[in-house]
Every structure is written in C-alpha cells, then in structure tokens.
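Colleague: File work_36.cif follows (mmCIF, C-alpha atoms and all ligand atoms):
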```cif
data_query
loop_
_atom_site.label_atom_id
_atom_site.label_comp_id
_atom_site.auth_asym_id
_atom_site.auth_seq_id
_atom_site.Cartn_x
_atom_site.Cartn_y
_atom_site.Cartn_z
CA MET A 1 41.91 4.13 -6.10
CA LEU A 2 42.35 4.84 -2.39
CA THR A 3 45.54 3.23 -1.06
CA ARG A 4 47.79 3.81 1.95
CA ASP A 5 51.57 4.31 2.09
CA SER A 6 53.88 2.50 4.52
CA ARG A 7 53.04 5.04 7.28
CA GLY A 8 49.34 4.59 6.63
CA ALA A 9 48.78 8.00 4.98
CA ALA A 10 46.04 8.01 2.36
CA LEU A 11 46.84 8.22 -1.36
CA LEU A 12 44.38 8.74 -4.19
CA GLY A 13 45.48 7.81 -7.70
CA GLY A 14 48.97 7.30 -6.22
CA LEU A 15 49.23 10.87 -4.82
CA PRO A 16 49.27 11.57 -1.07
CA LEU A 17 46.01 13.29 -0.15
CA HIS A 18 47.94 15.58 2.17
CA ASP A 19 49.95 16.83 -0.86
CA ILE A 20 46.80 17.14 -2.97
CA LEU A 21 45.13 19.37 -0.38
CA HIS A 22 48.28 21.50 -0.04
CA ASP A 23 48.91 21.72 -3.80
CA PRO A 24 49.14 25.42 -4.81
CA ALA A 25 46.44 24.81 -7.45
CA VAL A 26 44.11 23.59 -4.69
CA ALA A 27 44.94 25.61 -1.54
CA PRO A 28 44.31 29.33 -2.09
CA SER A 29 46.68 30.24 0.73
CA PRO A 30 49.73 28.11 1.61
CA GLY A 31 49.13 25.71 4.47
CA GLU A 32 45.34 26.23 4.34
CA PRO A 33 43.71 23.20 2.70
CA PRO A 34 40.29 24.28 1.41
CA THR A 35 38.10 21.79 3.24
CA PRO A 36 35.58 20.36 2.76
CA ALA A 37 36.97 19.14 -0.56
CA TYR A 38 35.87 16.38 -2.88
CA VAL A 39 38.82 14.59 -4.50
CA TYR A 40 38.27 12.25 -7.46
CA ASP A 41 40.42 9.67 -9.24
CA LEU A 42 39.67 9.99 -12.97
CA ASP A 43 41.88 7.05 -14.03
CA ALA A 44 39.99 4.67 -11.73
CA MET A 45 36.68 5.87 -13.18
CA ALA A 46 37.96 5.19 -16.71
CA HIS A 47 38.97 1.73 -15.55
CA GLU A 48 35.43 1.07 -14.25
CA VAL A 49 34.02 1.75 -17.72
CA ARG A 50 36.52 -0.59 -19.39
CA ALA A 51 35.72 -3.37 -16.91
CA LEU A 52 31.97 -2.95 -17.45
CA ARG A 53 32.30 -2.83 -21.23
CA ALA A 54 34.36 -6.04 -21.19
CA GLY A 55 31.28 -7.77 -19.73
CA PHE A 56 29.35 -7.18 -22.96
CA GLY A 57 31.92 -9.09 -25.04
CA SER A 58 31.07 -8.58 -28.71
CA ALA A 59 27.40 -7.67 -28.08
CA PRO A 60 26.48 -4.19 -29.39
CA HIS A 61 26.10 -1.97 -26.34
CA LEU A 62 26.07 1.59 -25.07
CA VAL A 63 27.04 2.63 -21.55
CA ALA A 64 24.95 5.76 -20.99
CA TYR A 65 26.53 7.30 -17.88
CA ALA A 66 23.81 8.61 -15.52
CA VAL A 67 25.08 12.15 -15.23
CA LYS A 68 23.01 12.81 -12.09
CA ALA A 69 25.58 10.79 -10.11
CA ASN A 70 28.24 13.42 -10.77
CA THR A 71 27.96 16.28 -13.28
CA ALA A 72 31.58 17.47 -13.16
CA GLY A 73 33.01 18.16 -16.62
CA PRO A 74 36.36 16.38 -16.04
CA ILE A 75 34.42 13.24 -15.08
CA ILE A 76 32.00 13.37 -18.02
CA ARG A 77 34.89 13.97 -20.45
CA THR A 78 36.86 11.06 -18.97
CA LEU A 79 33.90 8.69 -19.35
CA ALA A 80 33.13 10.01 -22.85
CA ARG A 81 36.71 9.15 -23.90
CA GLN A 82 35.96 5.56 -22.84
CA GLY A 83 32.99 5.50 -25.22
CA CYS A 84 30.20 6.41 -22.79
CA GLY A 85 27.03 8.15 -23.81
CA ALA A 86 24.85 9.82 -21.18
CA GLU A 87 21.52 9.44 -19.42
CA VAL A 88 20.23 12.85 -18.31
CA VAL A 89 17.20 14.07 -16.38
CA SER A 90 17.07 17.81 -17.02
CA GLY A 91 17.87 20.46 -19.58
CA GLY A 92 20.90 21.41 -17.47
CA GLU A 93 22.29 17.87 -17.49
CA LEU A 94 21.61 17.60 -21.22
CA ALA A 95 23.52 20.82 -21.89
CA VAL A 96 26.48 19.81 -19.72
CA ALA A 97 26.71 16.38 -21.40
CA LEU A 98 26.69 17.98 -24.86
CA ARG A 99 29.22 20.64 -23.79
CA CYS A 100 31.52 17.87 -22.52
CA GLY A 101 31.56 16.24 -25.93
CA ILE A 102 28.95 13.49 -25.65
CA ALA A 103 27.26 13.10 -29.04
CA ALA A 104 23.53 13.86 -29.13
CA ASP A 105 23.15 10.44 -30.72
CA ALA A 106 24.33 8.79 -27.48
CA ILE A 107 22.08 10.65 -25.03
CA LEU A 108 18.90 9.41 -23.34
CA TYR A 109 16.68 11.84 -21.49
CA SER A 110 14.51 10.41 -18.67
CA GLY A 111 12.22 12.24 -16.24
CA VAL A 112 8.57 12.23 -15.30
CA ALA A 113 7.92 15.97 -15.67
CA LYS A 114 10.00 17.43 -18.48
CA LYS A 115 9.35 21.06 -19.32
CA LYS A 116 8.58 22.26 -22.83
CA ILE A 117 11.90 24.10 -23.04
CA GLU A 118 13.73 20.88 -22.03
CA ILE A 119 11.88 18.75 -24.58
CA ASP A 120 12.71 21.34 -27.24
CA ALA A 121 16.41 21.23 -26.34
CA ALA A 122 16.41 17.44 -26.66
CA ILE A 123 14.61 17.47 -30.02
CA GLY A 124 16.79 20.32 -31.29
CA ALA A 125 20.18 18.84 -30.29
CA GLY A 126 22.59 17.75 -33.03
CA ASP A 127 21.46 16.87 -36.56
CA ARG A 128 18.41 14.87 -35.51
CA GLY A 129 17.89 15.31 -31.78
CA ILE A 130 19.15 13.04 -29.03
CA LEU A 131 19.13 9.24 -29.23
CA ALA A 132 15.84 9.09 -27.32
CA ILE A 133 13.55 11.03 -25.05
CA GLN A 134 12.43 8.41 -22.54
CA ILE A 135 8.67 8.73 -22.33
CA GLU A 136 7.47 8.13 -18.74
CA ASN A 137 3.69 8.36 -19.15
CA VAL A 138 1.09 7.93 -21.88
CA GLU A 139 0.17 11.64 -21.87
CA GLU A 140 3.77 12.60 -22.65
CA ILE A 141 3.57 10.93 -26.07
CA ALA A 142 1.26 13.55 -27.56
CA ARG A 143 3.16 16.37 -25.83
CA VAL A 144 6.53 15.38 -27.31
CA SER A 145 4.98 14.77 -30.74
CA ALA A 146 3.45 18.27 -30.69
CA ARG A 147 6.82 19.82 -29.82
CA ALA A 148 8.50 17.89 -32.66
CA GLN A 149 5.85 19.16 -35.06
CA ALA A 150 6.32 22.73 -33.82
CA LEU A 151 10.08 22.47 -34.35
CA GLY A 152 9.71 20.87 -37.79
CA ARG A 153 11.61 17.77 -36.72
CA ARG A 154 10.94 14.13 -35.89
CA ALA A 155 11.74 13.08 -32.31
CA ARG A 156 13.20 9.72 -31.40
CA VAL A 157 11.63 8.27 -28.26
CA SER A 158 11.76 5.21 -26.07
CA LEU A 159 9.09 4.08 -23.62
CA ARG A 160 10.23 3.68 -20.05
CA ILE A 161 8.24 0.74 -18.79
CA ASN A 162 7.54 0.17 -15.12
CA PRO A 163 8.02 -3.62 -14.87
CA ASP A 164 6.44 -3.82 -11.39
CA ILE A 165 9.48 -5.50 -9.89
CA GLU A 166 10.49 -4.80 -6.31
CA ALA A 167 14.24 -4.20 -6.19
CA ASP A 168 16.07 -5.46 -3.10
CA THR A 169 17.28 -2.01 -2.05
CA HIS A 170 16.46 1.07 0.05
CA ALA A 171 12.79 2.08 -0.42
CA LYS A 172 13.81 5.62 -1.39
CA VAL A 173 15.81 4.41 -4.39
CA ALA A 174 13.46 1.65 -5.62
CA THR A 175 11.75 2.84 -8.81
CA GLY A 176 10.42 -0.20 -10.65
CA HIS A 177 7.41 -1.15 -8.49
CA ASP A 178 3.81 -0.17 -9.24
CA GLU A 179 3.65 2.49 -6.49
CA ALA A 180 6.55 4.43 -8.04
CA LYS A 181 5.92 7.52 -10.16
CA PHE A 182 8.33 6.29 -12.81
CA GLY A 183 7.56 4.71 -16.15
CA ILE A 184 4.48 3.36 -17.90
CA ALA A 185 2.70 0.51 -16.13
CA ARG A 186 2.25 -2.66 -18.18
CA GLU A 187 -1.53 -2.35 -18.10
CA ASP A 188 -1.18 1.08 -19.74
CA LEU A 189 0.93 -0.25 -22.61
CA PRO A 190 -1.98 -0.82 -25.06
CA ALA A 191 -2.93 2.85 -24.60
CA ALA A 192 0.73 3.82 -25.12
CA TRP A 193 1.01 1.80 -28.35
CA ASP A 194 -2.20 3.46 -29.61
CA ALA A 195 -0.92 6.92 -28.74
CA LEU A 196 2.39 6.17 -30.47
CA ASP A 197 0.60 4.99 -33.61
CA ARG A 198 -1.26 8.31 -33.66
CA ALA A 199 1.87 10.42 -32.97
CA ALA A 200 2.87 11.46 -36.46
CA HIS A 201 6.16 13.12 -35.46
CA LEU A 202 7.72 10.42 -33.28
CA ASP A 203 9.90 7.41 -34.03
CA LEU A 204 9.90 4.71 -31.38
CA VAL A 205 13.51 3.50 -31.24
CA GLY A 206 13.73 1.72 -27.90
CA LEU A 207 12.21 0.46 -24.67
CA SER A 208 13.73 0.95 -21.24
CA CYS A 209 13.31 0.30 -17.54
CA HIS A 210 15.21 1.14 -14.35
CA ILE A 211 14.20 -0.65 -11.17
CA GLY A 212 16.38 1.19 -8.66
CA SER A 213 19.81 1.92 -7.34
CA GLN A 214 22.48 0.17 -5.26
CA LEU A 215 21.47 -3.31 -6.47
CA MET A 216 23.65 -5.98 -4.90
CA ARG A 217 22.52 -8.91 -7.04
CA THR A 218 21.40 -9.43 -10.61
CA ASN A 219 18.16 -11.35 -9.89
CA GLU A 220 15.58 -8.54 -10.02
CA TYR A 221 17.49 -6.69 -12.74
CA ILE A 222 17.22 -9.75 -14.94
CA ASP A 223 13.55 -10.27 -14.01
CA ALA A 224 12.88 -6.69 -15.15
CA ALA A 225 14.91 -7.33 -18.31
CA GLY A 226 12.65 -10.34 -18.96
CA VAL A 227 9.53 -8.16 -18.70
CA LEU A 228 11.09 -5.54 -20.98
CA LEU A 229 12.07 -8.14 -23.56
CA GLN A 230 8.52 -9.52 -23.65
CA CYS A 231 7.22 -6.01 -24.32
CA ALA A 232 9.91 -5.51 -26.97
CA ALA A 233 8.98 -8.75 -28.74
CA GLU A 234 5.31 -7.73 -28.68
CA ARG A 235 6.08 -4.32 -30.19
CA GLU A 236 8.54 -5.67 -32.75
CA ARG A 237 5.89 -8.14 -34.00
CA ALA A 238 3.48 -5.25 -34.51
CA SER A 239 5.76 -2.61 -35.96
CA GLY A 240 9.29 -3.71 -36.70
CA ARG A 241 12.74 -3.55 -35.16
CA LEU A 242 13.77 -1.54 -32.14
CA GLN A 243 17.19 0.07 -32.16
CA PHE A 244 17.88 -0.52 -28.45
CA VAL A 245 16.66 -1.91 -25.17
CA SER A 246 17.85 -0.19 -21.99
CA PHE A 247 17.78 -2.00 -18.68
CA GLY A 248 18.75 1.09 -16.69
CA GLY A 249 21.49 1.49 -14.13
CA GLY A 250 21.58 0.70 -10.45
CA PHE A 251 24.69 -1.47 -10.07
CA GLY A 252 25.73 -1.40 -6.42
CA ILE A 253 29.09 -0.55 -4.89
CA ASP A 254 30.78 -1.62 -1.68
CA TYR A 255 30.25 1.04 0.99
CA GLY A 256 32.13 -1.14 3.47
CA GLY A 257 29.61 -3.90 4.05
CA GLY A 258 30.61 -5.81 0.90
CA CYS A 259 29.16 -6.05 -2.60
CA ASP A 260 30.20 -9.17 -4.47
CA THR A 261 28.25 -8.53 -7.66
CA LYS A 262 30.34 -6.37 -9.97
CA PRO A 263 28.83 -4.26 -12.80
CA GLN A 264 30.36 -6.70 -15.28
CA ALA A 265 28.11 -9.47 -13.90
CA PHE A 266 25.02 -7.41 -14.81
CA ALA A 267 26.37 -6.95 -18.35
CA GLN A 268 27.08 -10.65 -18.75
CA ALA A 269 23.66 -11.59 -17.40
CA VAL A 270 21.75 -9.30 -19.79
CA VAL A 271 23.75 -10.48 -22.81
CA LYS A 272 22.76 -14.03 -21.88
CA LYS A 273 19.13 -13.02 -21.29
CA LEU A 274 18.92 -11.37 -24.71
CA ALA A 275 20.35 -14.43 -26.42
CA THR A 276 17.87 -16.76 -24.71
CA ALA A 277 15.01 -14.40 -25.64
CA GLY A 278 16.07 -14.76 -29.27
CA LEU A 279 16.50 -10.98 -29.52
CA GLU A 280 20.12 -10.43 -30.46
CA GLY A 281 19.56 -7.45 -32.76
CA PRO A 282 19.05 -4.39 -30.56
CA THR A 283 21.88 -2.51 -28.87
CA ILE A 284 21.94 -3.18 -25.14
CA VAL A 285 21.97 0.05 -23.19
CA THR A 286 22.84 0.36 -19.50
CA GLU A 287 22.63 3.57 -17.50
CA PRO A 288 25.07 3.26 -14.59
CA GLY A 289 25.93 6.26 -12.46
CA ARG A 290 27.07 5.22 -8.99
CA ALA A 291 29.07 2.17 -10.12
CA LEU A 292 31.33 4.23 -12.40
CA VAL A 293 32.17 7.06 -10.02
CA GLY A 294 31.01 6.32 -6.45
CA ALA A 295 34.06 4.50 -5.11
CA HIS A 296 36.50 6.94 -6.70
CA GLY A 297 35.59 10.12 -4.90
CA LEU A 298 36.41 11.11 -1.32
CA LEU A 299 35.18 13.97 0.78
CA CYS A 300 38.04 15.40 2.87
CA ALA A 301 37.19 17.36 5.99
CA ARG A 302 39.00 19.10 8.81
CA VAL A 303 38.28 18.15 12.42
CA ILE A 304 37.09 21.33 14.13
CA ALA A 305 36.57 19.99 17.64
CA ALA A 306 36.42 16.84 19.74
CA LYS A 307 33.70 16.88 22.38
CA HIS A 308 33.03 14.52 25.26
CA SER A 309 29.59 14.27 26.84
CA ARG A 310 29.03 13.25 30.45
CA SER A 311 27.21 10.20 29.11
CA GLY A 312 30.53 9.01 27.73
CA ARG A 313 29.70 9.79 24.14
CA ARG A 314 32.53 11.21 22.05
CA TRP A 315 31.80 13.60 19.21
CA LEU A 316 34.11 14.46 16.36
CA LEU A 317 32.87 17.69 14.85
CA ILE A 318 34.04 18.25 11.31
CA ASP A 319 33.70 21.00 8.71
CA ALA A 320 31.78 18.83 6.20
CA GLY A 321 28.05 18.56 6.77
CA MET A 322 24.85 17.13 5.39
CA ASN A 323 24.75 20.02 2.92
CA ASP A 324 27.99 18.62 1.38
CA LEU A 325 27.04 14.92 1.55
CA VAL A 326 23.35 14.30 2.22
CA ARG A 327 23.25 10.51 1.77
CA PRO A 328 23.56 9.70 5.52
CA ALA A 329 20.79 12.16 6.44
CA MET A 330 18.58 11.27 3.49
CA TYR A 331 18.98 7.51 3.19
CA GLY A 332 20.56 6.57 6.52
CA ALA A 333 23.67 5.65 4.50
CA LYS A 334 26.89 4.86 6.32
CA HIS A 335 30.14 5.98 4.69
CA ARG A 336 33.44 4.84 6.12
CA ILE A 337 35.29 7.73 7.78
CA GLU A 338 39.03 7.40 8.36
CA PRO A 339 42.00 9.55 9.34
CA LEU A 340 43.71 11.14 6.37
CA ASP A 341 47.30 10.86 7.58
CA ALA A 342 47.14 7.62 9.57
CA PRO A 343 45.84 4.11 8.91
CA PRO A 344 42.16 3.42 9.59
CA HIS A 345 41.65 2.28 13.15
CA ALA A 346 40.39 -1.17 14.04
CA THR A 347 36.65 -1.31 14.57
CA ASP A 348 37.11 -2.39 18.20
CA THR A 349 38.80 0.91 19.15
CA SER A 350 36.72 3.63 20.72
CA LEU A 351 33.87 4.96 18.63
CA TRP A 352 33.40 8.63 17.89
CA ARG A 353 30.18 10.02 16.55
CA VAL A 354 31.10 12.16 13.56
CA ALA A 355 28.86 15.16 12.96
CA GLY A 356 28.95 18.27 10.83
CA PRO A 357 28.30 21.97 11.43
CA VAL A 358 24.74 22.17 10.05
CA CYS A 359 21.95 23.08 12.46
CA GLU A 360 20.07 19.80 12.11
CA SER A 361 20.32 16.72 14.31
CA SER A 362 20.34 14.64 11.13
CA ASP A 363 23.71 16.21 10.23
CA ASP A 364 25.33 13.08 11.59
CA PHE A 365 27.65 10.63 9.82
CA GLY A 366 27.35 7.88 12.44
CA GLU A 367 29.93 6.27 14.74
CA HIS A 368 33.46 5.56 13.54
CA PRO A 369 36.57 4.17 15.25
CA PHE A 370 39.41 6.57 16.12
CA VAL A 371 42.17 6.14 18.70
CA GLU A 372 42.96 9.87 18.70
CA PRO A 373 40.99 12.63 17.01
CA PRO A 374 42.90 13.27 13.76
CA ASP A 375 43.40 16.71 12.18
CA PHE A 376 41.73 15.66 8.93
CA VAL A 377 39.38 12.83 7.97
CA LEU A 378 38.29 11.38 4.68
CA ILE A 379 34.78 10.17 3.96
CA ARG A 380 34.96 7.28 1.53
CA ASP A 381 32.86 6.36 -1.50
CA ALA A 382 31.46 9.85 -1.96
CA GLY A 383 31.97 10.16 -5.74
CA ALA A 384 28.30 9.54 -6.61
CA TYR A 385 25.33 11.56 -5.36
CA GLY A 386 27.74 13.59 -3.21
CA PHE A 387 28.49 16.93 -4.80
CA THR A 388 25.45 16.73 -7.10
CA MET A 389 23.10 16.62 -4.10
CA ALA A 390 25.03 19.27 -2.16
CA SER A 391 23.36 22.54 -1.22
CA GLU A 392 24.24 25.90 0.29
CA TYR A 393 21.96 25.30 3.27
CA ASN A 394 22.97 27.29 6.36
CA GLY A 395 24.79 29.78 4.10
CA ARG A 396 27.60 27.32 3.47
CA PRO A 397 29.46 27.44 0.16
CA LEU A 398 29.63 24.28 -1.95
CA PRO A 399 32.82 22.22 -1.55
CA VAL A 400 35.81 22.57 -3.86
CA GLU A 401 36.36 19.62 -6.26
CA VAL A 402 39.80 18.30 -7.20
CA PHE A 403 40.43 15.83 -10.04
CA ILE A 404 43.49 13.55 -10.09
CA GLU A 405 44.68 12.09 -13.37
CA GLN A 406 47.96 10.40 -14.29
CA GLY A 407 49.38 11.09 -10.82
CA ARG A 408 48.79 14.85 -10.77
CA VAL A 409 46.15 17.43 -9.94
CA ALA A 410 44.61 17.83 -13.39
CA HIS A 411 41.60 20.09 -12.67
CA VAL A 412 40.05 22.04 -9.82
CA ILE A 413 36.46 23.30 -9.73
CA ARG A 414 36.04 26.07 -7.22
CA PRO A 415 32.65 26.97 -5.78
CA ARG A 416 31.46 30.54 -5.73
CA SER A 417 32.62 32.45 -2.69
CA VAL A 418 30.58 33.17 0.43
CA ASP A 419 30.75 36.85 -0.59
CA SER A 420 28.93 36.18 -3.84
CA TRP A 421 26.31 34.11 -1.99
CA VAL A 422 25.83 37.03 0.42
CA SER A 423 25.40 39.51 -2.47
CA GLU A 424 22.85 37.27 -4.19
CA ARG A 425 20.80 36.65 -1.07
CA ALA A 426 21.03 40.22 0.19
CA GLY A 427 20.21 41.52 -3.28
CA CYS A 428 22.94 44.13 -3.12
C1 LIG A 501 16.45 6.22 -15.26
C2 LIG A 501 17.69 6.08 -14.45
N1 LIG A 501 18.78 5.54 -15.03
C3 LIG A 501 19.93 5.40 -14.35
C4 LIG A 501 20.06 5.80 -13.04
C5 LIG A 501 21.38 5.62 -12.36
O1 LIG A 501 21.34 4.81 -11.24
P1 LIG A 501 22.68 4.36 -10.53
O2 LIG A 501 23.46 5.59 -10.20
O3 LIG A 501 22.24 3.65 -9.32
O4 LIG A 501 23.42 3.49 -11.48
C6 LIG A 501 18.96 6.35 -12.40
C7 LIG A 501 19.07 6.77 -10.99
O5 LIG A 501 18.24 7.36 -10.39
C8 LIG A 501 17.74 6.52 -13.13
O6 LIG A 501 16.67 7.06 -12.57
#
```
Output the file's structure as structure tokens, nothing else.
Ligand SMILES: Cc1ncc(COP(=O)(O)O)c(C=O)c1O
Modeller:
Amino acid sequence: MLTRDSRGAALLGGLPLHDILHDPAVAPSPGEPPTPAYVYDLDAMAHEVRALRAGFGSAPHLVAYAVKANTAGPIIRTLARQGCGAEVVSGGELAVALRCGIAADAILYSGVAKKKIEIDAAIGAGDRGILAIQIENVEEIARVSARAQALGRRARVSLRINPDIEADTHAKVATGHDEAKFGIAREDLPAAWDALDRAAHLDLVGLSCHIGSQLMRTNEYIDAAGVLLQCAAERERASGRLQFVSFGGGFGIDYGGGCDTKPQAFAQAVVKKLATAGLEGPTIVTEPGRALVGAHGLLCARVIAAKHSRSGRRWLLIDAGMNDLVRPAMYGAKHRIEPLDAPPHATDTSLWRVAGPVCESSDDFGEHPFVEPPDFVLIRDAGAYGFTMASEYNGRPLPVEVFIEQGRVAHVIRPRSVDSWVSERAGC
C-alpha cells in the first residue's frame, strides 16, 4: 500500500520509494535510479485476494486472475499462493500462468480469435487440458472439437454468453452489449446448443459472461448474472449439471475519484443471486484483473524539464511516456501524479501539465498540482494494464519492474537493453 512518512516521502509496502529506486539490486549504477520504473506491492495484492475470497463465505468459488492485467511472474505466483486460478487470452498468457504454478485445472482461456496452436496448447495442458476453453462464437465449437479429436483428447469448454447488458463504464471497455465482438448472443444459443450436441469431443462444463471493466456498482453485473443463470438453468434441464458459472471480472478501483463498491460486494451479490435462482451447485468463478493489482503498482518517473509557455501554461516533462502507461492516451484515464519525496500538493495549488517524451500530442498525463517541480514523481494506480500494454514505440526500452514483499525488494525484472533493440531492428 502507498503511504507517506512524517516528512511526506512516499513508501510502498513500508519501504521508502527513494530507497527502493536506489537499492543496488534495482539501480545498475549507484545514484542512478533506473526510471521509468514500475514498483509493485505483492503483500497488498495477496491481501486483495483474501478480502475478495471472504465475500464468497462458504460458497464454492474460484478466483481466476485475469492475467492480462499484469503478467509478471512474481505477481502470478503471489496470487496463485492465495488460491487463484487464471483467466488467459493467448497462448503466451497460458504458458506463463502454467510456468508460474497455476494448475491447468484452474485456467480459463477466453478470446474471440484463438489460433490452432493456442487451442492445442490448452487442450494438451496437464492431464486433461485446462478447466475450460471459453467458446466465443458458434463456429468455434466445431473447430475446438476437431482439434480435440486430432489430439486424441476430450476438451472441456464453457460458452461465453453475451448477455446484451450495457455496463456503466467507458465505451472502450464495455464488452457485454450486442454491438461487442465478444461472446455468443442469446439468439444464437439454440444454434450453439445444437453444435455442442454434435461435437463428439467436447464436454460443456460451464457458462460465462464478462460485461466490461472498471465497474463501480454491482447492478449491471448482477443483471448479467441473472441472464447467465437463466441460460444455465435451461441447459441443465436439457443435459445435466454444469461444473461452474463465471460472471467475469471488471470490479472497479479508485483512481482518485472514489469507488465505494469493493470487489467483496460483487462476490456477496452473486452468492445471493445464485441462492435465489435455486442454483447452489456450481462453483462460482470470477475473473478479476484490475481489482487485484491495479492499486498496488506505481510508475516512478524522473522530471526531465519544467517548461513555461507564454500563455501561462506550465509543463512538467517526465521520462515516462504513453509507451510505458497508455491508459491516459487510450482511454482518457486520469492517474494521480504526486511528488515522490514530498507530500502530494493540495489541488488548489498551481497546475502543471505532465507530459512524456513520446512524439505524440496524446502523450499527456493531464494537469496535476505541484508547488515546485519535484525531481521524481510517482504515477498512482498503475499496477493493472500498465506494463502489459507498454510498447517500445519511439525506440524506448520497456520499464524496469520492482517487486516489494515483506518489506524488501524481492524481485526485479529488467527489460532488454536499448542495444539489443537496436541489433534486432537493424538486423545486425
Ligand atoms: C473475459 C474477461 N475476463 C476478465 C477480464 C478482467 O477484467 P478486469 O481487469 O476489469 O477485472 C477481462 C478484461 O478484459 C475479460 O475480457
């Protein structure tokens, strides 16, 4: 958790960020913090899982961590130790989840355009493949069945249903409405049931949905759960018990504007919904990404220059850009930006527009209050969809990642050097 000491300097997981960045395991040369740097608090992430799991009480459940939020091994291992499975969307994510010790039996694989090689990896994992390949369209049923036949195995699948529910969130992260490419529309379900009945090498073990991300209330999540439970009851009447129902992820976090609905509230609400639907048998699966890791990662950056325009605008130019954290450029997201070694300034102090080094006007983190330009800043709530969406655009290396556990620097993941990028691009 981010806290401040009596002088206002930032601490993560109880350690001063200044010390973290100067730790010999982190800084390649003394006194040269390797910014931009993501710093994560593993203990706080573990705590998020425990709090969410408490919301399920005694109901059978699986928290399948959406690995796309952050694929770092130390994070996946930490969440796995708390009993998490994984939700993955590519062969790469599947392999990293397995390598980090998540059992094949606890992995769901979603995605609208899975390649043959990826389907094969999912069917071939462990003793009997992963928990379920989440089928996103009717045509995929025959394709997965054919791959299972070719591999001489049965494949466990779930149908991802598009419940046609508009989530109250940013349009770019809403996925459960009928214009979205995700999931099988309800009117296509009869065709899906037929295709499943003809698919000799598949076992339908679950149904799922995911209506979107950064949900700040349970209403639409529960409406979607209601649709899913109706479909589950219909299928169970026709062909027996389902092993699980997954209501997806999407639990919101507080980026500074507030978020009163905690992940636990979603868990409690679906347990209640299942009980009232008279369906207490199946395991309840949730697929949170952001809510487990988002608030517990910071992006630290060095201030390169302070610029004043004639118009009166003040710019704070930092060494982290949209290639390191794309959410502001992509979704118009606002992350709080604060000095690293001094308390955050009151919002009525002068505003500085914080921008990065990338040659794009959208490389802009918005206006933030600073009395004086600090030497270093931290960008808050960058643990989810930060590093995993980073790129090497403009020939910039990926940021270093530092993992804090039990009050010490426990792991560091270093990006490849600029030199190796140059060799790859130059081809010599
Ligand atoms: C199928 C599915 N499950 C889970 C998630 C995780 O969402 P969040 O990080 O908002 O919890 C996503 C996000 O895109 C998703 O597509």
Colleague: Compare A:Ala64, A:Val354, A:Ile184, A:Met45 by their minimum atom-to-atom distance to His296 in chain A, counting only C-alpha atoms, and give me the closest one.
Modeller: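 Among the listed residues, the smallest separation from His296 in chain A belongs to A:Met45.
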Colleague: Report the distance between CA of Ala426 in chain A and CA of Glu360 in chain A in Å, rounded to one decimal place.
Modeller: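 These atoms are spaced 23.7 Å apart.
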Colleague: List the spatial neighbours of Cys359 in chain A as an mmCIF file with C-alpha atoms, keeping the file's coordinate frame - criterion: any atom at most 10 Å away, all atoms listed in the file, same-chain residues fewer than 3 positions off excluded.
Modeller:
```
data_model
loop_
_atom_site.group_PDB
_atom_site.id
_atom_site.type_symbol
_atom_site.label_atom_id
_atom_site.label_comp_id
_atom_site.auth_asym_id
_atom_site.auth_seq_id
_atom_site.Cartn_x
_atom_site.Cartn_y
_atom_site.Cartn_z
ATOM 1 C CA GLY A 321 28.050 18.560 6.770
ATOM 2 C CA MET A 322 24.850 17.130 5.390
ATOM 3 C CA GLY A 356 28.950 18.270 10.830
ATOM 4 C CA SER A 362 20.340 14.640 11.130
ATOM 5 C CA ASP A 363 23.710 16.210 10.230
ATOM 6 C CA TYR A 393 21.960 25.300 3.270
ATOM 7 C CA ASN A 394 22.970 27.290 6.360
#
```
Colleague: Taking only C-alpha atoms and all ligand atoms into account, list the residues no farther than 7 Å from ligand LIG 501 (chain A), as a list in words.
Modeller: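 Those residues are Ala66, Ala69, Glu87, Ser110, His210, Gly212, Ser213, Gln214, Gly248, Gly249, Gly250, Phe251, Gly252, Glu287, Pro288, Gly289, Arg290 and Ala291 of chain A.
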Colleague: Would you compute the distance between CA of Tyr38 in chain A and CA of Val402 in chain A? Give it in Å to one decimal.
Modeller: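 These two atoms are separated by 6.1 Å.
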Colleague: From the set A:Val377, A:Leu151, A:Val245, A:Ala277, which residue has the shortest atom-to-atom contact distance to Ile304 in chain A, counting only C-alpha atoms?
Modeller: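 For Ile304 in chain A, the nearest of the candidates is A:Val377.
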Colleague: Please provide the set of residues having any atom within 9 Å of Val49 in chain A, restricted to all atoms listed in the file, with same-chain residues fewer than 3 positions apart removed, written as a VMD selection string.
Modeller: chain A and resid 44 to 46 52 to 54 63 79 82 to 84 292
